[in-house]
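To start, the structure under review is shown below, and the notes come after it.
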Amino acid sequence: MSATSALTAARATEDDVAAIATLRTAAALRLTALHGKGHWSSPSSHKQVLRSIRNSTVVKAQNGSGVLGSLALVTKKPWAIDAAYFTAARRPLYLLEMAVHPEAQGMGVGRFLLDEAERVARDWPAGAIRLDAYDAPAGAGNFYAKCGYVERGRVVYRTVPLIYYERVLG
């Protein structure tokens, strides 16, 4: 049995705030331990997670031991993304705040979440999923590329080097 066979996906609710804040903070602490302090180092507060759940579609991956990962999908273009870098797409969704608990990393949880994001996007219906990743060793750019996301550009936004990725949905 694979690590992801026991995973389920669901839309996060206010009951999941503490678990999601904990996993996001754990992921931030791990990145900081591995790569030093950076934009990825901020812990997540309950208030931030609650705001995300109320203002976006937050998808969680869970198994019997609890919430292992989450991501948010929004329709409004985030401030750090320049739409000029992307292909023309009807109703794109933007992927934000993806995190996998350090104890579950490397077990397929991230790919599972991206597959679920695509299912949500197709049901929306959205023409593409767009995101940015840190252009630094702490960034997840290689992961997104392995999952079929195409690099669309590299920019520096307010001193933060970013890579834009997109998955066009057919």
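Scheme for the structure tokens: letters A, B, ... for chains in order shown; per-chain residue numbers from 1; ligand numbers from 1 in order shown.
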
For this session: Please provide as a list in words all residues within 9 Å of Glu116 of chain A, with the sequence filter that same-chain residues fewer than 2 positions apart are discarded (counting only C-alpha atoms).
Result: Ala9, Ala10, Val59, Ala61, Arg111, Phe112, Leu113, Leu114, Glu118, Arg119, Val120 and Ala121 of chain A

Requested write-out: N, CA and C atoms of the selected residues, as a PDB file, in the first residue's frame:
ATOM      1  N   ALA A   9      -8.861  13.956   0.656  1.00  0.00           N
ATOM      2  CA  ALA A   9      -8.842  15.407   0.506  1.00  0.00           C
ATOM      3  C   ALA A   9     -10.219  15.945   0.834  1.00  0.00           C
ATOM      4  N   ALA A  10     -10.222  17.116   1.431  1.00  0.00           N
ATOM      5  CA  ALA A  10     -11.483  17.782   1.749  1.00  0.00           C
ATOM      6  C   ALA A  10     -11.220  19.274   1.851  1.00  0.00           C
ATOM      7  N   VAL A  59      -7.731  23.455   0.671  1.00  0.00           N
ATOM      8  CA  VAL A  59      -7.835  22.012   0.547  1.00  0.00           C
ATOM      9  C   VAL A  59      -6.843  21.393   1.525  1.00  0.00           C
ATOM     10  N   ALA A  61      -5.094  17.684   2.981  1.00  0.00           N
ATOM     11  CA  ALA A  61      -4.841  16.256   2.801  1.00  0.00           C
ATOM     12  C   ALA A  61      -4.740  15.678   4.204  1.00  0.00           C
ATOM     13  N   ARG A 111       2.146  16.006  -4.084  1.00  0.00           N
ATOM     14  CA  ARG A 111       1.582  15.646  -5.400  1.00  0.00           C
ATOM     15  C   ARG A 111       0.085  15.367  -5.277  1.00  0.00           C
ATOM     16  N   PHE A 112      -0.311  14.693  -4.205  1.00  0.00           N
ATOM     17  CA  PHE A 112      -1.725  14.423  -3.946  1.00  0.00           C
ATOM     18  C   PHE A 112      -2.504  15.733  -3.869  1.00  0.00           C
ATOM     19  N   LEU A 113      -1.955  16.724  -3.156  1.00  0.00           N
ATOM     20  CA  LEU A 113      -2.613  18.025  -3.038  1.00  0.00           C
ATOM     21  C   LEU A 113      -2.716  18.721  -4.391  1.00  0.00           C
ATOM     22  N   LEU A 114      -1.654  18.655  -5.197  1.00  0.00           N
ATOM     23  CA  LEU A 114      -1.713  19.288  -6.524  1.00  0.00           C
ATOM     24  C   LEU A 114      -2.745  18.597  -7.414  1.00  0.00           C
ATOM     25  N   GLU A 118      -6.046  20.430  -9.053  1.00  0.00           N
ATOM     26  CA  GLU A 118      -6.475  20.342 -10.451  1.00  0.00           C
ATOM     27  C   GLU A 118      -7.921  19.888 -10.555  1.00  0.00           C
ATOM     28  N   ARG A 119      -8.333  18.951  -9.708  1.00  0.00           N
ATOM     29  CA  ARG A 119      -9.731  18.507  -9.720  1.00  0.00           C
ATOM     30  C   ARG A 119     -10.649  19.681  -9.374  1.00  0.00           C
ATOM     31  N   VAL A 120     -10.297  20.441  -8.352  1.00  0.00           N
ATOM     32  CA  VAL A 120     -11.087  21.613  -7.960  1.00  0.00           C
ATOM     33  C   VAL A 120     -11.130  22.610  -9.109  1.00  0.00           C
ATOM     34  N   ALA A 121      -9.982  22.845  -9.746  1.00  0.00           N
ATOM     35  CA  ALA A 121      -9.911  23.813 -10.845  1.00  0.00           C
ATOM     36  C   ALA A 121     -10.762  23.379 -12.029  1.00  0.00           C
TER      37      ALA A 121
END

Any chance you could tabulate, as a tab-separated table, the residues of segment 96-169 of chain A at most 10 Å from segment 26-46 of chain A with each one's nearest atom pair and distance in Å to one decimal, using only C-alpha atoms, in chain and rising number order?
residue	atom	partner	partner_atom	distance
A:Glu97	CA	A:Ser44	CA	9.9
A:Met98	CA	A:Ala27	CA	9.8
A:Ala99	CA	A:Ala27	CA	6.4
A:Val100	CA	A:Ala27	CA	6.5
A:His101	CA	A:Ala27	CA	5.6
A:Pro102	CA	A:Ala27	CA	5.7
A:Glu103	CA	A:Ala26	CA	9.2
A:Gln105	CA	A:Ala27	CA	9.3
A:Tyr134	CA	A:Trp40	CA	8.4
A:Ala136	CA	A:His35	CA	9.0
A:Pro137	CA	A:His35	CA	6.9
A:Ala138	CA	A:His35	CA	6.0
A:Gly139	CA	A:Trp40	CA	8.5
A:Val160	CA	A:His39	CA	7.9

Residues from the last selection, N, CA and C atoms, saved as a short mmCIF file (atom, residue, chain, number, x, y, z; two decimals), in the first residue's frame:
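For reference, result-v7.cif as written:
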data_model
loop_
_atom_site.label_atom_id
_atom_site.label_comp_id
_atom_site.auth_asym_id
_atom_site.auth_seq_id
_atom_site.Cartn_x
_atom_site.Cartn_y
_atom_site.Cartn_z
N GLU A 97 0.07 29.27 -0.36
CA GLU A 97 0.18 28.71 1.00
C GLU A 97 0.26 27.19 1.05
N MET A 98 0.88 26.56 0.05
CA MET A 98 0.99 25.10 0.09
C MET A 98 2.04 24.71 1.12
N ALA A 99 1.69 23.74 1.95
CA ALA A 99 2.62 23.24 2.95
C ALA A 99 2.31 21.77 3.24
N VAL A 100 3.38 21.02 3.47
CA VAL A 100 3.26 19.62 3.88
C VAL A 100 4.05 19.49 5.18
N HIS A 101 3.46 18.83 6.15
CA HIS A 101 4.14 18.64 7.43
C HIS A 101 5.48 17.93 7.18
N PRO A 102 6.55 18.37 7.82
CA PRO A 102 7.87 17.77 7.59
C PRO A 102 7.89 16.24 7.73
N GLU A 103 7.13 15.69 8.66
CA GLU A 103 7.11 14.23 8.84
C GLU A 103 6.44 13.50 7.68
N GLN A 105 6.70 14.78 4.38
CA GLN A 105 7.35 15.18 3.13
C GLN A 105 8.05 13.97 2.50
N TYR A 134 9.63 30.51 -4.30
CA TYR A 134 10.88 31.21 -4.03
C TYR A 134 11.96 30.68 -4.96
N ALA A 136 15.08 30.15 -4.62
CA ALA A 136 16.11 29.97 -3.59
C ALA A 136 16.11 28.49 -3.23
N PRO A 137 17.15 28.02 -2.57
CA PRO A 137 17.17 26.61 -2.18
C PRO A 137 15.94 26.19 -1.36
N ALA A 138 15.34 27.10 -0.64
CA ALA A 138 14.15 26.78 0.15
C ALA A 138 12.89 26.72 -0.71
N GLY A 139 12.96 27.13 -1.95
CA GLY A 139 11.80 27.14 -2.84
C GLY A 139 11.46 25.74 -3.34
N VAL A 160 12.39 39.94 -3.26
CA VAL A 160 12.20 38.50 -3.15
C VAL A 160 12.27 37.87 -4.55
#

Problem set entry | DSSP-assigned strand (DSSP E or B) among segment 12-119 of chain A, expressed as a ChimeraX atom specification | /A:57-63,66-74,93-100

Produce a file of the selected residues containing C-alpha atoms, as a compact mmCIF listing (two decimals), in the first residue's frame.
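Writing the result to part_26.txt gives the following:
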# COMPACT_ATOMS: atom_id res chain seq x y z
CA THR A 57 -10.76 27.39 -1.02
CA VAL A 58 -8.36 25.66 1.37
CA VAL A 59 -7.83 22.01 0.55
CA LYS A 60 -6.43 19.68 3.17
CA ALA A 61 -4.84 16.26 2.80
CA GLN A 62 -5.45 14.01 5.77
CA ASN A 63 -5.19 10.46 6.97
CA GLY A 66 -4.57 14.10 11.02
CA VAL A 67 -3.95 16.89 8.54
CA LEU A 68 -0.68 16.32 6.65
CA GLY A 69 -0.81 19.15 4.13
CA SER A 70 -2.85 22.01 2.78
CA LEU A 71 -3.03 24.60 0.04
CA ALA A 72 -5.28 27.51 -0.84
CA LEU A 73 -6.84 28.36 -4.20
CA VAL A 74 -8.04 31.87 -5.00
CA LEU A 93 -6.91 30.01 -10.16
CA TYR A 94 -3.90 30.94 -8.04
CA LEU A 95 -2.30 28.44 -5.70
CA LEU A 96 -1.08 29.85 -2.38
CA GLU A 97 0.18 28.71 1.00
CA MET A 98 0.99 25.10 0.09
CA ALA A 99 2.62 23.24 2.95
CA VAL A 100 3.26 19.62 3.88

For this session: Please measure the separation of atom CA of Pro125 of chain A and atom CA of Arg91 of chain A, giving the value in Å to one decimal.
Result: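 Atom CA of Arg91 of chain A lies 7.4 Å from atom CA of Pro125 of chain A.
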
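You will find atom CA of Tyr144 of chain A at 15.2 Å from atom CA of Met107 of chain A.
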
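Using only C-alpha atoms, the protein and nucleic acid residues lying no more than 12 Å from Val156 of chain A, apart from those fewer than 2 places from it along its own chain, are Ala80, Ile81, Asp82, Asp132, Ala133, Tyr134, Asp135, Ala136, Gly153, Arg154, Arg158, Thr159, Val160, Pro161, Leu162, Ile163 and Tyr164 of chain A.
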
Residues as selected, N, CA and C atoms, written as a CSV table (one decimal), in the first residue's frame, can you do that?
chain,number,residue,atom,x,y,z
A,80,ALA,N,2.1,39.5,-5.8
A,80,ALA,CA,3.4,39.2,-6.3
A,80,ALA,C,3.4,38.6,-7.7
A,81,ILE,N,2.3,38.4,-8.2
A,81,ILE,CA,2.2,37.7,-9.6
A,81,ILE,C,1.9,38.8,-10.6
A,82,ASP,N,2.7,38.8,-11.7
A,82,ASP,CA,2.5,39.6,-12.9
A,82,ASP,C,1.8,38.7,-13.9
A,132,ASP,N,3.6,31.2,-7.6
A,132,ASP,CA,5.0,31.6,-7.5
A,132,ASP,C,5.7,30.8,-6.5
A,133,ALA,N,7.0,30.5,-6.7
A,133,ALA,CA,7.8,29.8,-5.7
A,133,ALA,C,9.1,30.6,-5.5
A,134,TYR,N,9.6,30.5,-4.3
A,134,TYR,CA,10.9,31.2,-4.0
A,134,TYR,C,12.0,30.7,-5.0
A,135,ASP,N,12.7,31.6,-5.6
A,135,ASP,CA,13.9,31.2,-6.4
A,135,ASP,C,15.1,31.2,-5.5
A,136,ALA,N,15.1,30.2,-4.6
A,136,ALA,CA,16.1,30.0,-3.6
A,136,ALA,C,16.1,28.5,-3.2
A,153,GLY,N,8.5,32.4,-15.8
A,153,GLY,CA,9.3,33.6,-15.7
A,153,GLY,C,10.0,33.6,-14.3
A,154,ARG,N,11.0,34.4,-14.3
A,154,ARG,CA,11.7,34.7,-13.0
A,154,ARG,C,11.7,36.2,-12.8
A,158,ARG,N,9.9,43.1,-4.7
A,158,ARG,CA,10.2,43.7,-3.4
A,158,ARG,C,11.4,42.9,-2.8
A,159,THR,N,12.4,42.7,-3.5
A,159,THR,CA,13.7,42.0,-3.1
A,159,THR,C,13.5,40.5,-3.0
A,160,VAL,N,12.4,39.9,-3.3
A,160,VAL,CA,12.2,38.5,-3.2
A,160,VAL,C,12.3,37.9,-4.5
A,161,PRO,N,13.3,37.0,-4.8
A,161,PRO,CA,13.3,36.3,-6.1
A,161,PRO,C,12.3,35.2,-6.2
A,162,LEU,N,11.5,35.3,-7.3
A,162,LEU,CA,10.4,34.3,-7.4
A,162,LEU,C,10.5,33.7,-8.8
A,163,ILE,N,9.9,32.5,-8.9
A,163,ILE,CA,9.7,31.8,-10.2
A,163,ILE,C,8.2,31.6,-10.3
A,164,TYR,N,7.7,32.0,-11.5
A,164,TYR,CA,6.3,31.8,-11.8
A,164,TYR,C,6.1,30.4,-12.5

For this session: Excluding Glu14 of chain A and residues on its chain fewer than 3 positions from it, collect all residues at most 8 Å away from it, counting only C-alpha atoms, and give them as a PyMOL selection string.
Result: chain A and resi 17+50+53

Exercise. Quick one: residues within 10 Å of Cys147 of chain A, only C-alpha atoms counted, chain neighbours fewer than 3 positions away excluded, as a list in words?
Worked result: Gly110, Arg111, Leu114, Asp115, Gly141, Asn142, Phe143, Tyr144, Val150 and Arg167 of chain A

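For the pair atom CA of Ala19 of chain A and atom CA of Gly106 of chain A, the interatomic distance is 19.6 Å.
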
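Here the question is which of A:Arg130, A:Arg51, A:Arg122, A:Lys146 gets nearest to Pro78 of chain A using only C-alpha atoms, and that residue is A:Arg130.
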
For this session: Pick out each residue of segment 69-146 of chain A that DSSP on the backbone tags as alpha helix (DSSP H); I need them as a VMD selection string.
Result: chain A and resid 109 to 123 141 to 146

Atoms kept (C-alpha atoms) for selection, written as a PDB file, in the first residue's frame:
ATOM      1  CA  VAL A 109       1.308  14.302  -0.027  1.00  0.00           C
ATOM      2  CA  GLY A 110       2.337  17.353  -2.086  1.00  0.00           C
ATOM      3  CA  ARG A 111       1.582  15.646  -5.400  1.00  0.00           C
ATOM      4  CA  PHE A 112      -1.725  14.423  -3.946  1.00  0.00           C
ATOM      5  CA  LEU A 113      -2.613  18.025  -3.038  1.00  0.00           C
ATOM      6  CA  LEU A 114      -1.713  19.288  -6.524  1.00  0.00           C
ATOM      7  CA  ASP A 115      -3.883  16.575  -8.097  1.00  0.00           C
ATOM      8  CA  GLU A 116      -6.743  17.668  -5.854  1.00  0.00           C
ATOM      9  CA  ALA A 117      -6.134  21.327  -6.790  1.00  0.00           C
ATOM     10  CA  GLU A 118      -6.475  20.342 -10.451  1.00  0.00           C
ATOM     11  CA  ARG A 119      -9.731  18.507  -9.720  1.00  0.00           C
ATOM     12  CA  VAL A 120     -11.087  21.613  -7.960  1.00  0.00           C
ATOM     13  CA  ALA A 121      -9.911  23.813 -10.845  1.00  0.00           C
ATOM     14  CA  ARG A 122     -11.553  21.629 -13.493  1.00  0.00           C
ATOM     15  CA  ASP A 123     -14.830  21.663 -11.530  1.00  0.00           C
ATOM     16  CA  GLY A 141      10.350  25.044  -7.934  1.00  0.00           C
ATOM     17  CA  ASN A 142      11.824  21.644  -8.780  1.00  0.00           C
ATOM     18  CA  PHE A 143       8.841  19.961  -7.160  1.00  0.00           C
ATOM     19  CA  TYR A 144       6.352  21.952  -9.245  1.00  0.00           C
ATOM     20  CA  ALA A 145       8.300  21.219 -12.430  1.00  0.00           C
ATOM     21  CA  LYS A 146       8.265  17.462 -11.636  1.00  0.00           C
TER      22      LYS A 146
END

Problem set entry | Given only C-alpha atoms as the counted atoms, nearest of A:Ile20, A:Asp15, A:Arg54, A:Ile129 to Phe86 of chain A |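 Of the candidates, the smallest distance to Phe86 of chain A is held by A:Ile129.
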